[in-house]
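See structure below.
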Amino acid sequence: MSDTPYSIDLDSIRGAFPPGMEAPPLLLDFAGWLKGRPWGSVGCFSLQGQFSDQAPIVDGSPLRDRFSLFMRLPDGSAVGGWYGAGLDRDNPPIVGLGSEGDYELLAPSLDGLLAKLTSQQFDNAWSDLKPHDEVECQTVELAQWLTGRLGRDMAASDDDPSELPDFRGFMERWSRGREDYWANHRLMAELGWRLAAHLPKGKNAWDKTHFEVAIVGKQYEARVLSRGPQPFEEAASIEIPAARSA
């Protein structure tokens, strides 16, 4: 493990920022400092960008311009900037989107996140942001680099939680709203009774049938994922109402 360097993809990081915004120099400089260092020496993550579409968010596509996700954890969690209403778009707070439904504001800024990496101030839910036990820790070296990069001694943030934006509340409201929206969507009801014909025939509680359905405007695709993608007999009958609703 100690011979494996951090995975860094600068192109994907730059692409993960909302249109018209660039990756901050501090993030790119941190990627340069991290390059070649043993994975896990300052935390267990990769520097890799992703859109909110693939992040652990309910119906995350509409939130693409609200996040700049530049870090991935081994369990599928994502970390990045959050551009909420009234927040500083040039220096947004850094949030975590947990693979198990945990949403947390991790630091008030990017330099605050790096400072917390140096002091290992993360609870159990975000323990992947701590150095790995089997790798020589390099958080002291990171602290020295950060101090030189910022021109000041960067201690971990002691911000009053009451003064920070309520990211968890935002995500909970978003999730409830999107779940209600799709649960009551006419097209979802149409799909539901047609897909019911493909319910598992067995009686085991763990039997499943997997579908892949995508509708964008008048473009439609549906596949049954059984022994690989299979033709979907009901495609034509569902495509018509999908096109009408566009």
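Naming works like this for the structure tokens: A, B, ... for the chains as they're shown, residue 1 at the start of each chain, ligands 1 onward in shown order.
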
Identify, on the basis of only C-alpha atoms, every residue whose closest approach to Ser46 in chain A does not exceed 8 Å; exclude the query and any residue fewer than 6 positions from it along the same chain; express the result as a PDB file with N, CA, C and O atoms, in the first residue's frame.
```pdb
ATOM      1  N   TYR A   6      -1.006   8.712  -4.599  1.00  0.00           N
ATOM      2  CA  TYR A   6      -2.356   9.262  -4.712  1.00  0.00           C
ATOM      3  C   TYR A   6      -2.779   9.339  -6.171  1.00  0.00           C
ATOM      4  O   TYR A   6      -1.992   9.664  -7.049  1.00  0.00           O
ATOM      5  N   SER A   7      -4.049   9.054  -6.414  1.00  0.00           N
ATOM      6  CA  SER A   7      -4.617   9.193  -7.750  1.00  0.00           C
ATOM      7  C   SER A   7      -5.107  10.635  -7.914  1.00  0.00           C
ATOM      8  O   SER A   7      -5.897  11.129  -7.102  1.00  0.00           O
ATOM      9  N   ILE A   8      -4.615  11.302  -8.957  1.00  0.00           N
ATOM     10  CA  ILE A   8      -4.930  12.710  -9.190  1.00  0.00           C
ATOM     11  C   ILE A   8      -5.308  12.891 -10.652  1.00  0.00           C
ATOM     12  O   ILE A   8      -4.566  12.489 -11.545  1.00  0.00           O
ATOM     13  N   MET A  71     -12.967  15.549  -4.665  1.00  0.00           N
ATOM     14  CA  MET A  71     -12.325  14.503  -3.861  1.00  0.00           C
ATOM     15  C   MET A  71     -13.265  13.312  -3.710  1.00  0.00           C
ATOM     16  O   MET A  71     -14.451  13.490  -3.448  1.00  0.00           O
ATOM     17  N   ARG A  72     -12.736  12.105  -3.879  1.00  0.00           N
ATOM     18  CA  ARG A  72     -13.511  10.885  -3.693  1.00  0.00           C
ATOM     19  C   ARG A  72     -12.878  10.041  -2.601  1.00  0.00           C
ATOM     20  O   ARG A  72     -11.664   9.879  -2.545  1.00  0.00           O
ATOM     21  N   LEU A  73     -13.746   9.456  -1.773  1.00  0.00           N
ATOM     22  CA  LEU A  73     -13.293   8.572  -0.708  1.00  0.00           C
ATOM     23  C   LEU A  73     -13.533   7.124  -1.118  1.00  0.00           C
ATOM     24  O   LEU A  73     -14.338   6.852  -2.019  1.00  0.00           O
TER      25      LEU A  73
END
```

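Secondary structure of range 82-160 of chain A, alpha helix (DSSP H) only (DSSP, backbone atoms): Leu110, Asp111, Gly112, Leu113, Leu114, Ala115, Lys116, Leu117, Thr118, Ser119, Thr139, Val140, Glu141, Leu142, Ala143, Gln144, Trp145, Leu146, Thr147, Gly148, Arg149 and Leu150 of chain A.
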
Original post:
Skipping near chain neighbours, those fewer than 6 positions away, what residues fall within 12 Å of Leu28 in chain A using only C-alpha atoms, listed as JSON, numbers by chain?
Top reply: {"A": [8, 9, 10, 11, 12, 13, 14, 22, 34, 35, 47, 48, 70, 110]}

Go ahead and save the residues from that selection, with N, CA and C atoms, as a CSV table (one decimal), in the first residue's frame.
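Saved as result-v6.csv:
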```csv
chain,number,residue,atom,x,y,z
A,8,ILE,N,-4.6,11.3,-9.0
A,8,ILE,CA,-4.9,12.7,-9.2
A,8,ILE,C,-5.3,12.9,-10.7
A,9,ASP,N,-6.5,13.5,-10.9
A,9,ASP,CA,-6.9,13.7,-12.3
A,9,ASP,C,-7.3,15.2,-12.4
A,10,LEU,N,-6.4,16.0,-12.8
A,10,LEU,CA,-6.6,17.5,-12.8
A,10,LEU,C,-7.7,17.9,-13.9
A,11,ASP,N,-7.8,17.2,-15.0
A,11,ASP,CA,-8.8,17.5,-16.0
A,11,ASP,C,-10.2,17.3,-15.4
A,12,SER,N,-10.4,16.2,-14.7
A,12,SER,CA,-11.7,16.0,-14.2
A,12,SER,C,-12.0,17.0,-13.1
A,13,ILE,N,-11.0,17.4,-12.3
A,13,ILE,CA,-11.2,18.4,-11.3
A,13,ILE,C,-11.7,19.7,-11.9
A,14,ARG,N,-10.9,20.2,-12.9
A,14,ARG,CA,-11.3,21.4,-13.6
A,14,ARG,C,-12.7,21.3,-14.2
A,22,GLU,N,-13.3,28.5,-12.3
A,22,GLU,CA,-12.1,27.7,-12.4
A,22,GLU,C,-11.7,27.1,-11.1
A,34,LEU,N,0.8,16.9,-3.5
A,34,LEU,CA,0.4,15.5,-3.2
A,34,LEU,C,0.9,14.5,-4.2
A,35,LYS,N,1.2,15.0,-5.4
A,35,LYS,CA,1.6,14.1,-6.5
A,35,LYS,C,2.8,13.2,-6.1
A,47,LEU,N,-7.9,12.6,-5.6
A,47,LEU,CA,-8.3,13.9,-6.1
A,47,LEU,C,-8.8,13.7,-7.5
A,48,GLN,N,-10.1,13.7,-7.6
A,48,GLN,CA,-10.8,13.4,-8.9
A,48,GLN,C,-12.2,14.0,-8.9
A,70,PHE,N,-14.4,17.6,-5.9
A,70,PHE,CA,-13.0,17.3,-6.3
A,70,PHE,C,-12.3,16.2,-5.6
A,110,LEU,N,-11.7,26.0,1.6
A,110,LEU,CA,-10.7,25.0,1.1
A,110,LEU,C,-9.5,25.0,2.1
```

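The residue set within 7 Å of Val140 in chain A, counting only C-alpha atoms and dropping same-chain residues fewer than 3 places from it, reads A:Thr118, A:Ala143, A:Gln144.
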
Original post:
Do you know which residues are at most 6 Å from Phe211 in chain A counting only C-alpha atoms, after dropping those on the same chain fewer than 3 positions away, and could you put them as a count of residues only?
Top reply: 3

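We find CA of Met171 in chain A and CA of Trp126 in chain A to be spaced 17.4 Å apart.
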
Original post:
What's the 9 Å shell around Asp111 in chain A, counting only C-alpha atoms, without same-chain residues fewer than 6 positions away, as a ChimeraX atom specification?
Top reply: /A:26-27,146,150,154

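Each of A:Pro200, A:Gly40, A:Gly169, A:Gly177 was checked against Thr4 in chain A using only C-alpha atoms; the smallest atom-to-atom distance is that of A:Gly40.
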
**OP:** Extract the full set of strand (DSSP E) residues from range 15-240 of chain A according to DSSP on the backbone, and format it as a PyMOL selection string.
**Re:** chain A and resi 46-50+67-72+78-82+94-97+103-107+211-216+219-225+229-230

Original post:
Do you know which residues are at most 10 Å from Leu106 in chain A counting only C-alpha atoms, after dropping those on the same chain fewer than 3 positions away, and could you put them as a ChimeraX atom specification?
Top reply: /A:79-81,93-97,103,109-110,112-113,116,121-122,126,167

Export of prior selection with N, CA, C and O atoms as a short mmCIF file (atom, residue, chain, number, x, y, z; two decimals), in the first residue's frame:
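Written out: selection33.cif:
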```cif
data_model
loop_
_atom_site.label_atom_id
_atom_site.label_comp_id
_atom_site.auth_asym_id
_atom_site.auth_seq_id
_atom_site.Cartn_x
_atom_site.Cartn_y
_atom_site.Cartn_z
N VAL A 79 -16.37 14.84 -1.71
CA VAL A 79 -16.07 16.08 -0.97
C VAL A 79 -15.83 17.18 -1.98
O VAL A 79 -15.20 16.97 -3.02
N GLY A 80 -16.33 18.38 -1.68
CA GLY A 80 -16.11 19.50 -2.58
C GLY A 80 -16.79 20.76 -2.11
O GLY A 80 -17.36 20.82 -1.02
N GLY A 81 -16.74 21.80 -2.95
CA GLY A 81 -17.34 23.08 -2.61
C GLY A 81 -18.84 23.07 -2.81
O GLY A 81 -19.37 22.37 -3.67
N PRO A 93 -17.82 27.07 1.23
CA PRO A 93 -17.57 26.05 2.25
C PRO A 93 -17.39 24.68 1.59
O PRO A 93 -17.89 24.43 0.50
N ILE A 94 -16.66 23.81 2.28
CA ILE A 94 -16.39 22.47 1.77
C ILE A 94 -17.29 21.48 2.50
O ILE A 94 -17.35 21.47 3.73
N VAL A 95 -17.98 20.65 1.72
CA VAL A 95 -18.96 19.74 2.29
C VAL A 95 -18.65 18.31 1.91
O VAL A 95 -17.91 18.03 0.96
N GLY A 96 -19.23 17.39 2.67
CA GLY A 96 -19.10 15.97 2.39
C GLY A 96 -20.45 15.37 2.07
O GLY A 96 -21.44 15.65 2.75
N LEU A 97 -20.50 14.58 1.01
CA LEU A 97 -21.70 13.85 0.61
C LEU A 97 -21.43 12.37 0.86
O LEU A 97 -20.73 11.72 0.09
N TYR A 103 -24.64 13.90 5.29
CA TYR A 103 -24.34 15.18 4.66
C TYR A 103 -23.78 16.10 5.74
O TYR A 103 -24.42 16.34 6.76
N SER A 109 -14.00 26.61 4.35
CA SER A 109 -13.27 27.00 3.15
C SER A 109 -12.29 25.89 2.77
O SER A 109 -12.09 24.94 3.53
N LEU A 110 -11.67 26.04 1.59
CA LEU A 110 -10.70 25.04 1.15
C LEU A 110 -9.47 25.03 2.05
O LEU A 110 -8.99 23.96 2.43
N GLY A 112 -9.43 25.83 5.08
CA GLY A 112 -9.87 25.22 6.33
C GLY A 112 -9.87 23.70 6.26
O GLY A 112 -9.53 23.02 7.22
N LEU A 113 -10.26 23.16 5.10
CA LEU A 113 -10.24 21.70 4.93
C LEU A 113 -8.81 21.17 5.00
O LEU A 113 -8.55 20.17 5.68
N LYS A 116 -7.61 21.10 8.50
CA LYS A 116 -8.16 19.99 9.26
C LYS A 116 -7.47 18.68 8.88
O LYS A 116 -7.34 17.79 9.72
N GLN A 121 -8.67 16.33 12.25
CA GLN A 121 -9.89 16.64 13.01
C GLN A 121 -11.14 16.20 12.25
O GLN A 121 -11.93 17.02 11.78
N PHE A 122 -11.33 14.90 12.14
CA PHE A 122 -12.52 14.36 11.50
C PHE A 122 -13.08 13.23 12.36
O PHE A 122 -12.32 12.42 12.90
N TRP A 126 -16.29 10.43 8.91
CA TRP A 126 -15.38 10.91 7.86
C TRP A 126 -13.94 10.52 8.19
O TRP A 126 -13.00 11.25 7.88
N PHE A 167 -25.95 23.12 5.87
CA PHE A 167 -25.87 22.27 4.70
C PHE A 167 -26.71 21.01 4.86
O PHE A 167 -27.40 20.59 3.93
#
```

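Using only C-alpha atoms, the nearest neighbour of Asn124 in chain A within the list A:Asp59, A:Pro5, A:Trp39, A:Asp102 is A:Asp102.
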
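The interatomic distance for the pair CA of Pro56 in chain A and CA of Gly101 in chain A works out to 7.3 Å.
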